[in-house]
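**Student:** Shown below is the structure under consideration.
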Amino acid sequence: MKLSDNKATLSFSNGKSPVELPVYEGTVGPDVIDIRKLYGQTGMFTYDPGFLSTASCQSAITYIDGDKGELLYRGYPIEQLAVNCDYLETCYLLLYGELPNAAQKEEFDQRVTRHTMINEQMQFFLRGFRRDAHPMAILTGLVGAMSAFYHDSTDINNPEHRDIAAIRLIAKLPTLVAMAYKYGVGAPYQYPQNNLSYAGNFLRMMFGNPCEEYKVNPVLERAMDRIFILHADHEQNASTSTVRLCGSSGTNPFAAIAAGVACLWGPAHGGANEACLNMLEQIQASGGVAKVGEFMEKVKDKSSGVKLMGFGHRVYKNYDPRAKLMQETCNEVLAELGLEKDPLFALAKQLEKIALEDDYFVQRKLYPNVDFYSGIVQRAIGIPVNLFTGIFALARTVGWIAQLNEMISDPEYKIGRPRQLFTGHTTRTVKPLAERG
Ligand code: SDX
């Protein structure tokens with residue numbers, strides 16, 4: 001980051017002497033006012049719950065222009081990566097900063113492929129869960145449990161440990177997600193197959209069985225790979241900030257990523273794709289497109305607490321570019337499966353049309369986000385609704401690792417420890433039990 005010629009001056013109406021604060025510039029996007037010395041100079045904190053105006057770090061990985069609806073991974077537009085690259089190339093880019101050449105791609109793909117199996121002991125963890133446990137409950141446990149198996153890659157401050165932990169997490173998440181699914185339906189686990197692509201291997205572990213050969217459908221394979229690319233990273237979102245804060249204590253990479261899995265589960269974040277599909281199914285069951293108007297009235301009535309899931313975003317105040325690409329993927333998959341008339345897809349497009357013309361949404365700059373169409377395409381592929389967020393976690397693991405590694409490699413990083421505005425009781429005396437009213 002570059003010190004700007006511009007400075008910020010903070011003055012106080014109570015006569016307290018003004019404070020000059022440095023301003024720093026990035027390569028693109030808003031400048032920042034450096035408040036690191038503010039408390040020392042003024043005895044005051046800034047106040048920004050939800051971090052609407054706070055940069056928690058500097059990063060060179062992903063940039064979002066919310067007003068333009070642009071998303072760049074290491075400077076490459078998501079639209080170009082989704083068409084010209086596969087997910088493992090995108091992982092390489094996010095982790096190491098450049099797209100791989102042919103030899104680097106081959107070597108990286110091989111490294112990941114050779115780490116897709118998990119320790120046989122881990123399957124016994126699954127047996128401890130109820131069969132109807134939510135897959136995200138299982139995944140949070142399994143990812144954290146990886147730190148009990150890979151002791152040679154738990155030192156977050158050792159670059160070699162960080163690199164092998166990254167490969168292990170990227171390689172094993174598909175295996176763990178597929179196992180969580182198989183466990184839930186009482187079907188046998190499928191071991192990874194090294195002759196398949198990353199996405200093809202995942203589809204086979206999900207839908208293959210020991211009784212017959214599984215044929216990977218190339219259209220579904222490409223769609224799955226694109227879903228992974230679109231979810232790979234997204235600046236300092238809630239789960240990435242969780243991973244950074246968790247990792248800042250020096251804990252091992254598996255524990256930090258498990259914290260990200262837990263945070264992503266929330267319906268305001270990665271759980272929105274599951275919530276969105278459930279919302280579409282509820283509208284469909286209550287009458288479908290004919291009931292959209294009634295539903296939208298509920299959404300606009302704050303007291304209802306009903307939100308249009310898959311819409312709105314903290315940063316995008318324009319169309320989420322991932323939603324556009326996801327809609328295209330939807331078209332491709334539904335056409336391949338002869339489901340062009342999928343009523344939920346028609347309903348989603350109708351909802352989007354009405355919302356984009358409605359003042360309530362226009363004024364609040366509410367557009368479809370990545371979660372609006374992702375559920376429809378995953379459901380068409382055959383993925384159960386309660387596994388959608390697990391797939392989001394699978395894809396986002398590389399982003400979490402890249403961001404964690406960027407933080408740990410920064411010599412200036414410190415353990416994260418926010419302060420507060422205290423509004424509770426000042427000191428008071430404990431009364432003996434008999435005297436308490
Ligand atoms: C993801 O941060 C990331 O990058 C996340 C993510 C990633 O890749 O990591 O992009 C993934 O989490 C996408 C978002 C998925 N969540 C949903 O689709 C859930 C529905 N969306 C909302 O919960 C909401 O839009 C958020 C949480 C996504 C953003 O909330 P903000 O930025 O805190 O905005 P807000 O809640 O203050 O909303 C501003 C206004 C409010 O109305 P007013 O108080 O101004 O009158 O818009 C309204 C909100 O009530 N609003 C919605 C709405 N989203 C916001 N009203 C109806 N339906 C919605 N979906």
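We label chains A, B, ... in the order they appear in the structure tokens, count residues from 1 in each chain, and number ligands from 1 in the order shown.
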If you run DSSP on the backbone, which residues of stretch 151-220 of chain A are alpha helix (DSSP H), as an MDAnalysis selection string?
**Tutor:** chainID A and resid 159:185 198:207 218:220
**Student:** Only N, CA, C and O atoms, please: the residues just picked out, written as a compact mmCIF listing (two decimals), in the first residue's frame.
**Tutor:**
```
# COMPACT_ATOMS: atom_id res chain seq x y z
N PRO A 159 6.16 -22.38 6.31
CA PRO A 159 5.63 -22.29 4.94
C PRO A 159 5.41 -23.66 4.29
O PRO A 159 4.45 -23.84 3.54
N GLU A 160 6.28 -24.63 4.59
CA GLU A 160 6.08 -25.96 4.00
C GLU A 160 4.82 -26.62 4.57
O GLU A 160 4.02 -27.22 3.87
N HIS A 161 4.62 -26.44 5.88
CA HIS A 161 3.39 -26.98 6.50
C HIS A 161 2.17 -26.32 5.85
O HIS A 161 1.18 -26.98 5.54
N ARG A 162 2.24 -24.99 5.66
CA ARG A 162 1.09 -24.28 5.09
C ARG A 162 0.80 -24.81 3.69
O ARG A 162 -0.35 -25.00 3.31
N ASP A 163 1.87 -25.08 2.92
CA ASP A 163 1.65 -25.50 1.53
C ASP A 163 1.03 -26.90 1.48
O ASP A 163 0.06 -27.13 0.78
N ILE A 164 1.53 -27.84 2.29
CA ILE A 164 0.98 -29.20 2.24
C ILE A 164 -0.43 -29.22 2.85
O ILE A 164 -1.32 -29.89 2.36
N ALA A 165 -0.65 -28.37 3.86
CA ALA A 165 -2.02 -28.32 4.45
C ALA A 165 -3.00 -27.79 3.40
O ALA A 165 -4.13 -28.28 3.29
N ALA A 166 -2.55 -26.83 2.59
CA ALA A 166 -3.41 -26.28 1.54
C ALA A 166 -3.79 -27.37 0.54
O ALA A 166 -4.96 -27.57 0.20
N ILE A 167 -2.78 -28.13 0.10
CA ILE A 167 -3.05 -29.21 -0.87
C ILE A 167 -3.98 -30.24 -0.26
O ILE A 167 -4.96 -30.68 -0.87
N ARG A 168 -3.74 -30.61 0.99
CA ARG A 168 -4.58 -31.62 1.65
C ARG A 168 -6.03 -31.13 1.77
O ARG A 168 -6.97 -31.87 1.47
N LEU A 169 -6.21 -29.88 2.15
CA LEU A 169 -7.58 -29.38 2.32
C LEU A 169 -8.31 -29.31 0.98
O LEU A 169 -9.44 -29.77 0.84
N ILE A 170 -7.63 -28.77 -0.04
CA ILE A 170 -8.27 -28.67 -1.37
C ILE A 170 -8.60 -30.07 -1.90
O ILE A 170 -9.66 -30.32 -2.45
N ALA A 171 -7.68 -30.99 -1.67
CA ALA A 171 -7.85 -32.36 -2.21
C ALA A 171 -8.91 -33.15 -1.45
O ALA A 171 -9.67 -33.91 -2.05
N LYS A 172 -8.99 -32.95 -0.14
CA LYS A 172 -9.84 -33.84 0.67
C LYS A 172 -11.25 -33.32 0.90
O LYS A 172 -12.15 -34.09 1.25
N LEU A 173 -11.48 -32.04 0.73
CA LEU A 173 -12.83 -31.52 0.96
C LEU A 173 -13.87 -32.22 0.08
O LEU A 173 -14.92 -32.64 0.59
N PRO A 174 -13.63 -32.41 -1.22
CA PRO A 174 -14.63 -33.14 -2.02
C PRO A 174 -14.91 -34.54 -1.47
O PRO A 174 -16.06 -34.98 -1.41
N THR A 175 -13.87 -35.22 -1.01
CA THR A 175 -14.04 -36.57 -0.46
C THR A 175 -14.91 -36.52 0.80
O THR A 175 -15.83 -37.30 0.98
N LEU A 176 -14.61 -35.53 1.66
CA LEU A 176 -15.37 -35.40 2.92
C LEU A 176 -16.82 -34.99 2.65
O LEU A 176 -17.75 -35.51 3.28
N VAL A 177 -17.05 -34.07 1.70
CA VAL A 177 -18.41 -33.63 1.39
C VAL A 177 -19.22 -34.81 0.83
O VAL A 177 -20.35 -35.07 1.26
N ALA A 178 -18.60 -35.57 -0.06
CA ALA A 178 -19.30 -36.73 -0.64
C ALA A 178 -19.58 -37.79 0.44
O ALA A 178 -20.66 -38.40 0.46
N MET A 179 -18.63 -37.95 1.37
CA MET A 179 -18.85 -38.93 2.46
C MET A 179 -19.99 -38.47 3.36
O MET A 179 -20.82 -39.27 3.79
N ALA A 180 -20.06 -37.17 3.63
CA ALA A 180 -21.16 -36.67 4.47
C ALA A 180 -22.49 -36.96 3.80
O ALA A 180 -23.47 -37.36 4.46
N TYR A 181 -22.51 -36.83 2.48
CA TYR A 181 -23.75 -37.12 1.74
C TYR A 181 -24.08 -38.61 1.78
O TYR A 181 -25.18 -39.00 2.16
N LYS A 182 -23.08 -39.46 1.47
CA LYS A 182 -23.32 -40.92 1.44
C LYS A 182 -23.77 -41.41 2.83
O LYS A 182 -24.65 -42.26 2.95
N TYR A 183 -23.15 -40.82 3.87
CA TYR A 183 -23.51 -41.25 5.23
C TYR A 183 -24.98 -40.94 5.50
O TYR A 183 -25.71 -41.74 6.06
N GLY A 184 -25.40 -39.78 5.02
CA GLY A 184 -26.79 -39.35 5.27
C GLY A 184 -27.81 -40.24 4.56
O GLY A 184 -28.92 -40.42 5.05
N VAL A 185 -27.43 -40.79 3.41
CA VAL A 185 -28.39 -41.63 2.67
C VAL A 185 -28.12 -43.12 2.89
O VAL A 185 -28.75 -43.97 2.29
N TYR A 198 -11.03 -33.12 -11.16
CA TYR A 198 -11.43 -32.74 -9.80
C TYR A 198 -12.96 -32.77 -9.68
O TYR A 198 -13.51 -33.39 -8.77
N ALA A 199 -13.63 -32.15 -10.64
CA ALA A 199 -15.10 -32.09 -10.59
C ALA A 199 -15.71 -33.44 -10.93
O ALA A 199 -16.67 -33.89 -10.30
N GLY A 200 -15.11 -34.13 -11.90
CA GLY A 200 -15.62 -35.45 -12.29
C GLY A 200 -15.49 -36.44 -11.14
O GLY A 200 -16.41 -37.22 -10.85
N ASN A 201 -14.37 -36.35 -10.42
CA ASN A 201 -14.13 -37.23 -9.27
C ASN A 201 -15.18 -36.96 -8.19
O ASN A 201 -15.74 -37.87 -7.59
N PHE A 202 -15.50 -35.67 -7.99
CA PHE A 202 -16.50 -35.33 -6.97
C PHE A 202 -17.86 -35.90 -7.36
O PHE A 202 -18.56 -36.52 -6.55
N LEU A 203 -18.24 -35.74 -8.63
CA LEU A 203 -19.55 -36.25 -9.08
C LEU A 203 -19.62 -37.76 -8.89
O LEU A 203 -20.63 -38.32 -8.45
N ARG A 204 -18.49 -38.45 -9.19
CA ARG A 204 -18.52 -39.91 -9.04
C ARG A 204 -18.60 -40.30 -7.56
O ARG A 204 -19.33 -41.23 -7.19
N MET A 205 -17.87 -39.59 -6.69
CA MET A 205 -17.94 -39.92 -5.25
C MET A 205 -19.33 -39.63 -4.71
O MET A 205 -19.78 -40.27 -3.76
N MET A 206 -20.03 -38.67 -5.33
CA MET A 206 -21.39 -38.34 -4.89
C MET A 206 -22.41 -39.37 -5.42
O MET A 206 -23.23 -39.89 -4.70
N PHE A 207 -22.37 -39.63 -6.71
CA PHE A 207 -23.46 -40.37 -7.34
C PHE A 207 -23.08 -41.76 -7.82
O PHE A 207 -23.92 -42.50 -8.33
N PRO A 218 -20.02 -34.85 -19.18
CA PRO A 218 -19.12 -33.70 -19.34
C PRO A 218 -19.79 -32.34 -19.12
O PRO A 218 -19.15 -31.40 -18.64
N VAL A 219 -21.07 -32.24 -19.42
CA VAL A 219 -21.78 -30.96 -19.20
C VAL A 219 -21.93 -30.71 -17.70
O VAL A 219 -21.68 -29.62 -17.21
N LEU A 220 -22.29 -31.76 -16.95
CA LEU A 220 -22.43 -31.61 -15.50
C LEU A 220 -21.06 -31.41 -14.84
O LEU A 220 -20.91 -30.65 -13.89
```
**Student:** Excluding stretch 59-62 of chain A and its own-chain neighbours fewer than 5 positions away, which residues fall within 8 Å of it when counting only C-alpha atoms? Please give them as a list in words.
**Tutor:** Leu71, Leu72, Tyr73, Arg74, Gly75, Leu94, Gly97, Asp233, His234, Glu235, Ala402, Gln403 and Glu406 of chain A
**Student:** Run DSSP on the backbone and grab whatever in stretch 16-194 of chain A lands in strand (DSSP E); send it over as a ChimeraX atom specification.
**Tutor:** /A:19-25,32-33,62-65,70-73,76-77
**Student:** Could you give me, as a ChimeraX atom specification, the residues within 7 Å of A:Ser4, counting only C-alpha atoms and dropping anything in the same chain fewer than 3 positions from it?
**Tutor:** /A:23-25
**Student:** Could the residues in this selection be saved with all heavy atoms as a PDB file, in the first residue's frame?
**Tutor:**
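selection_37.pdb written:
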```pdb
ATOM      1  N   VAL A  23      -3.327   8.683   5.188  1.00  0.00           N
ATOM      2  CA  VAL A  23      -4.229   8.000   4.250  1.00  0.00           C
ATOM      3  C   VAL A  23      -3.353   7.124   3.351  1.00  0.00           C
ATOM      4  O   VAL A  23      -2.280   7.539   2.920  1.00  0.00           O
ATOM      5  CB  VAL A  23      -5.021   9.027   3.398  1.00  0.00           C
ATOM      6  CG1 VAL A  23      -5.800   8.331   2.298  1.00  0.00           C
ATOM      7  CG2 VAL A  23      -5.952   9.841   4.299  1.00  0.00           C
ATOM      8  N   TYR A  24      -3.801   5.897   3.124  1.00  0.00           N
ATOM      9  CA  TYR A  24      -3.064   4.993   2.240  1.00  0.00           C
ATOM     10  C   TYR A  24      -3.927   4.652   1.018  1.00  0.00           C
ATOM     11  O   TYR A  24      -5.164   4.606   1.113  1.00  0.00           O
ATOM     12  CB  TYR A  24      -2.693   3.697   2.971  1.00  0.00           C
ATOM     13  CG  TYR A  24      -1.557   3.873   3.955  1.00  0.00           C
ATOM     14  CD1 TYR A  24      -1.813   4.138   5.305  1.00  0.00           C
ATOM     15  CD2 TYR A  24      -0.229   3.804   3.528  1.00  0.00           C
ATOM     16  CE1 TYR A  24      -0.774   4.330   6.204  1.00  0.00           C
ATOM     17  CE2 TYR A  24       0.816   3.985   4.426  1.00  0.00           C
ATOM     18  CZ  TYR A  24       0.543   4.245   5.761  1.00  0.00           C
ATOM     19  OH  TYR A  24       1.578   4.439   6.642  1.00  0.00           O
ATOM     20  N   GLU A  25      -3.234   4.418  -0.119  1.00  0.00           N
ATOM     21  CA  GLU A  25      -3.925   4.049  -1.358  1.00  0.00           C
ATOM     22  C   GLU A  25      -3.572   2.614  -1.731  1.00  0.00           C
ATOM     23  O   GLU A  25      -2.417   2.201  -1.506  1.00  0.00           O
ATOM     24  CB  GLU A  25      -3.465   4.955  -2.521  1.00  0.00           C
ATOM     25  CG  GLU A  25      -3.739   6.418  -2.306  1.00  0.00           C
ATOM     26  CD  GLU A  25      -2.960   7.291  -3.320  1.00  0.00           C
ATOM     27  OE1 GLU A  25      -2.227   6.717  -4.167  1.00  0.00           O
ATOM     28  OE2 GLU A  25      -3.077   8.513  -3.226  1.00  0.00           O
TER      29      GLU A  25
END
```
**Student:** List as a ChimeraX atom specification the protein and nucleic acid residues near A:Ser147, meaning an atom at most 12 Å away when only C-alpha atoms are counted, but skip any in the same chain fewer than 4 places from it.
**Tutor:** /A:119,122,141-143,151-156,161,165,168-169,251-258
**Student:** With distances taken over only C-alpha atoms and all ligand atoms, which of A:Gln123, A:Gln41, A:Ser241, A:Asn405 is nearest to ligand 1?
**Tutor:** A:Ser241
**Student:** Contacts of A:Gly288 at 9 Å or less, counting only C-alpha atoms, minus same-chain residues fewer than 4 places along, as a ChimeraX atom specification?
**Tutor:** /A:280-284,292,343-344,347
**Student:** Taking N, CA and C atoms for each residue, export the selection above as a compact mmCIF listing (two decimals), in the first residue's frame.
**Tutor:**
```txt
# COMPACT_ATOMS: atom_id res chain seq x y z
N LEU A 280 -38.03 -20.94 -2.80
CA LEU A 280 -38.64 -21.17 -4.12
C LEU A 280 -39.62 -22.35 -4.05
N GLU A 281 -39.23 -23.39 -3.33
CA GLU A 281 -40.10 -24.57 -3.23
C GLU A 281 -41.38 -24.23 -2.46
N GLN A 282 -41.24 -23.36 -1.43
CA GLN A 282 -42.44 -22.97 -0.66
C GLN A 282 -43.40 -22.16 -1.55
N ILE A 283 -42.85 -21.23 -2.33
CA ILE A 283 -43.70 -20.42 -3.21
C ILE A 283 -44.35 -21.34 -4.25
N GLN A 284 -43.56 -22.25 -4.77
CA GLN A 284 -44.08 -23.20 -5.79
C GLN A 284 -45.23 -24.01 -5.20
N VAL A 292 -46.35 -15.04 -6.58
CA VAL A 292 -45.13 -14.23 -6.43
C VAL A 292 -45.46 -12.85 -5.88
N PRO A 343 -39.98 -25.79 -13.32
CA PRO A 343 -40.83 -24.71 -12.78
C PRO A 343 -40.10 -23.78 -11.80
N LEU A 344 -39.13 -24.34 -11.07
CA LEU A 344 -38.42 -23.48 -10.10
C LEU A 344 -37.55 -22.46 -10.81
N LEU A 347 -39.83 -19.86 -12.05
CA LEU A 347 -40.27 -19.06 -10.89
C LEU A 347 -39.17 -18.08 -10.48
```
**Student:** Can you tell me which residues surround stretch 374-391 of chain A at a distance of at most 6 Å, considering only C-alpha atoms, apart from same-chain residues fewer than 2 positions away, and format the answer as a VMD selection string?
**Tutor:** chain A and resid 136 270 to 271 273 to 274 277 330 371 to 372 393 to 394
**Student:** Could you write out that same residue set with all heavy atoms as a PDB file, in the first residue's frame?
**Tutor:**
```
ATOM      1  N   MET A 136     -23.437 -29.848   7.147  1.00  0.00           N
ATOM      2  CA  MET A 136     -22.504 -28.802   7.607  1.00  0.00           C
ATOM      3  C   MET A 136     -22.056 -29.076   9.042  1.00  0.00           C
ATOM      4  O   MET A 136     -20.931 -28.749   9.424  1.00  0.00           O
ATOM      5  CB  MET A 136     -23.142 -27.419   7.499  1.00  0.00           C
ATOM      6  CG  MET A 136     -23.250 -26.905   6.090  1.00  0.00           C
ATOM      7  SD  MET A 136     -21.639 -26.777   5.277  1.00  0.00           S
ATOM      8  CE  MET A 136     -21.074 -25.228   5.958  1.00  0.00           C
ATOM      9  N   GLY A 270     -23.304 -18.252   3.486  1.00  0.00           N
ATOM     10  CA  GLY A 270     -23.283 -19.385   2.560  1.00  0.00           C
ATOM     11  C   GLY A 270     -24.511 -20.261   2.650  1.00  0.00           C
ATOM     12  O   GLY A 270     -24.785 -21.045   1.749  1.00  0.00           O
ATOM     13  N   GLY A 271     -25.266 -20.129   3.723  1.00  0.00           N
ATOM     14  CA  GLY A 271     -26.472 -20.950   3.870  1.00  0.00           C
ATOM     15  C   GLY A 271     -27.619 -20.405   3.036  1.00  0.00           C
ATOM     16  O   GLY A 271     -28.710 -20.964   2.984  1.00  0.00           O
ATOM     17  N   ASN A 273     -28.015 -20.258  -0.191  1.00  0.00           N
ATOM     18  CA  ASN A 273     -28.430 -21.040  -1.366  1.00  0.00           C
ATOM     19  C   ASN A 273     -29.462 -22.095  -0.953  1.00  0.00           C
ATOM     20  O   ASN A 273     -30.462 -22.316  -1.637  1.00  0.00           O
ATOM     21  CB  ASN A 273     -27.242 -21.655  -2.093  1.00  0.00           C
ATOM     22  CG  ASN A 273     -26.280 -22.381  -1.170  1.00  0.00           C
ATOM     23  OD1 ASN A 273     -26.651 -22.797  -0.078  1.00  0.00           O
ATOM     24  ND2 ASN A 273     -25.049 -22.544  -1.616  1.00  0.00           N
ATOM     25  N   GLU A 274     -29.227 -22.710   0.215  1.00  0.00           N
ATOM     26  CA  GLU A 274     -30.209 -23.685   0.737  1.00  0.00           C
ATOM     27  C   GLU A 274     -31.508 -22.956   1.072  1.00  0.00           C
ATOM     28  O   GLU A 274     -32.597 -23.372   0.670  1.00  0.00           O
ATOM     29  CB  GLU A 274     -29.633 -24.361   1.985  1.00  0.00           C
ATOM     30  CG  GLU A 274     -30.564 -25.335   2.656  1.00  0.00           C
ATOM     31  CD  GLU A 274     -29.938 -26.038   3.873  1.00  0.00           C
ATOM     32  OE1 GLU A 274     -28.714 -25.883   4.112  1.00  0.00           O
ATOM     33  OE2 GLU A 274     -30.688 -26.748   4.570  1.00  0.00           O
ATOM     34  N   LEU A 277     -33.455 -21.963  -2.135  1.00  0.00           N
ATOM     35  CA  LEU A 277     -34.179 -23.054  -2.797  1.00  0.00           C
ATOM     36  C   LEU A 277     -35.410 -23.458  -1.987  1.00  0.00           C
ATOM     37  O   LEU A 277     -36.495 -23.678  -2.529  1.00  0.00           O
ATOM     38  CB  LEU A 277     -33.288 -24.263  -3.048  1.00  0.00           C
ATOM     39  CG  LEU A 277     -33.975 -25.097  -4.148  1.00  0.00           C
ATOM     40  CD1 LEU A 277     -33.392 -24.721  -5.507  1.00  0.00           C
ATOM     41  CD2 LEU A 277     -33.981 -26.524  -3.895  1.00  0.00           C
ATOM     42  N   CYS A 330     -27.069 -22.664 -15.277  1.00  0.00           N
ATOM     43  CA  CYS A 330     -28.415 -23.218 -15.093  1.00  0.00           C
ATOM     44  C   CYS A 330     -29.005 -23.618 -16.438  1.00  0.00           C
ATOM     45  O   CYS A 330     -29.464 -24.740 -16.631  1.00  0.00           O
ATOM     46  CB  CYS A 330     -29.305 -22.129 -14.503  1.00  0.00           C
ATOM     47  SG  CYS A 330     -29.964 -22.527 -12.901  1.00  0.00           S
ATOM     48  N   ASP A 371     -26.046 -16.808  -4.692  1.00  0.00           N
ATOM     49  CA  ASP A 371     -26.865 -17.902  -4.160  1.00  0.00           C
ATOM     50  C   ASP A 371     -28.211 -18.033  -4.844  1.00  0.00           C
ATOM     51  O   ASP A 371     -28.934 -18.997  -4.581  1.00  0.00           O
ATOM     52  CB  ASP A 371     -27.076 -17.681  -2.652  1.00  0.00           C
ATOM     53  CG  ASP A 371     -25.764 -17.810  -1.907  1.00  0.00           C
ATOM     54  OD1 ASP A 371     -25.109 -18.846  -2.078  1.00  0.00           O
ATOM     55  OD2 ASP A 371     -25.375 -16.864  -1.213  1.00  0.00           O
ATOM     56  N   PHE A 372     -28.570 -17.053  -5.715  1.00  0.00           N
ATOM     57  CA  PHE A 372     -29.951 -17.075  -6.213  1.00  0.00           C
ATOM     58  C   PHE A 372     -30.192 -18.230  -7.192  1.00  0.00           C
ATOM     59  O   PHE A 372     -31.215 -18.886  -7.142  1.00  0.00           O
ATOM     60  CB  PHE A 372     -30.290 -15.740  -6.883  1.00  0.00           C
ATOM     61  CG  PHE A 372     -31.759 -15.568  -7.176  1.00  0.00           C
ATOM     62  CD1 PHE A 372     -32.688 -15.574  -6.133  1.00  0.00           C
ATOM     63  CD2 PHE A 372     -32.223 -15.448  -8.476  1.00  0.00           C
ATOM     64  CE1 PHE A 372     -34.052 -15.433  -6.391  1.00  0.00           C
ATOM     65  CE2 PHE A 372     -33.583 -15.320  -8.747  1.00  0.00           C
ATOM     66  CZ  PHE A 372     -34.496 -15.313  -7.699  1.00  0.00           C
ATOM     67  N   ALA A 393     -18.643 -24.515   0.789  1.00  0.00           N
ATOM     68  CA  ALA A 393     -17.452 -24.622   1.669  1.00  0.00           C
ATOM     69  C   ALA A 393     -16.304 -25.311   0.939  1.00  0.00           C
ATOM     70  O   ALA A 393     -15.149 -24.881   1.014  1.00  0.00           O
ATOM     71  CB  ALA A 393     -17.812 -25.385   2.935  1.00  0.00           C
ATOM     72  N   LEU A 394     -16.616 -26.376   0.192  1.00  0.00           N
ATOM     73  CA  LEU A 394     -15.606 -27.083  -0.589  1.00  0.00           C
ATOM     74  C   LEU A 394     -14.897 -26.094  -1.500  1.00  0.00           C
ATOM     75  O   LEU A 394     -13.675 -26.002  -1.518  1.00  0.00           O
ATOM     76  CB  LEU A 394     -16.317 -28.161  -1.407  1.00  0.00           C
ATOM     77  CG  LEU A 394     -15.576 -29.126  -2.284  1.00  0.00           C
ATOM     78  CD1 LEU A 394     -16.531 -30.223  -2.785  1.00  0.00           C
ATOM     79  CD2 LEU A 394     -14.919 -28.488  -3.504  1.00  0.00           C
TER      80      LEU A 394
END
```
**Student:** Might you pull out every residue within 12 Å of A:Leu3, with only C-alpha atoms counted and same-chain residues fewer than 5 positions away left off, and present them as an MDAnalysis selection string?
**Tutor:** chainID A and resid 21:27 31:34
**Student:** Atom CA of A:Thr113 to atom CA of A:Ala395: how many Å, to one decimal?
**Tutor:**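 Going from atom CA of A:Thr113 over to atom CA of A:Ala395 covers 15.7 Å.
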**Student:** Considering only C-alpha atoms, state which residue in the set A:Arg436, A:Gln236, A:Phe129, A:Pro321 is at the smallest distance from A:Thr54.
**Tutor:**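 Nearest candidate to A:Thr54 out of A:Arg436, A:Gln236, A:Phe129, A:Pro321: A:Gln236.
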**Student:** Calculated over only C-alpha atoms and all ligand atoms, which of the candidates A:Ala223, A:Leu334, A:Ile64, A:Leu95 has the smallest distance to ligand 1?
**Tutor:**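 Of A:Ala223, A:Leu334, A:Ile64, A:Leu95, the one nearest ligand 1, counting only C-alpha atoms and all ligand atoms, is A:Ile64.
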**Student:** With distances taken over only C-alpha atoms and all ligand atoms, which residue among A:Tyr39, A:Tyr367, A:Phe108, A:Tyr191 lies nearest ligand 1?
**Tutor:**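 Once distances to ligand 1 are computed over only C-alpha atoms and all ligand atoms, the minimum belongs to A:Tyr367.
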**Student:** Go ahead and compute the interatomic distance for atom CA of A:Gly40 and atom CA of A:Asp5, in Å to one decimal.
**Tutor:** 23.0 Å
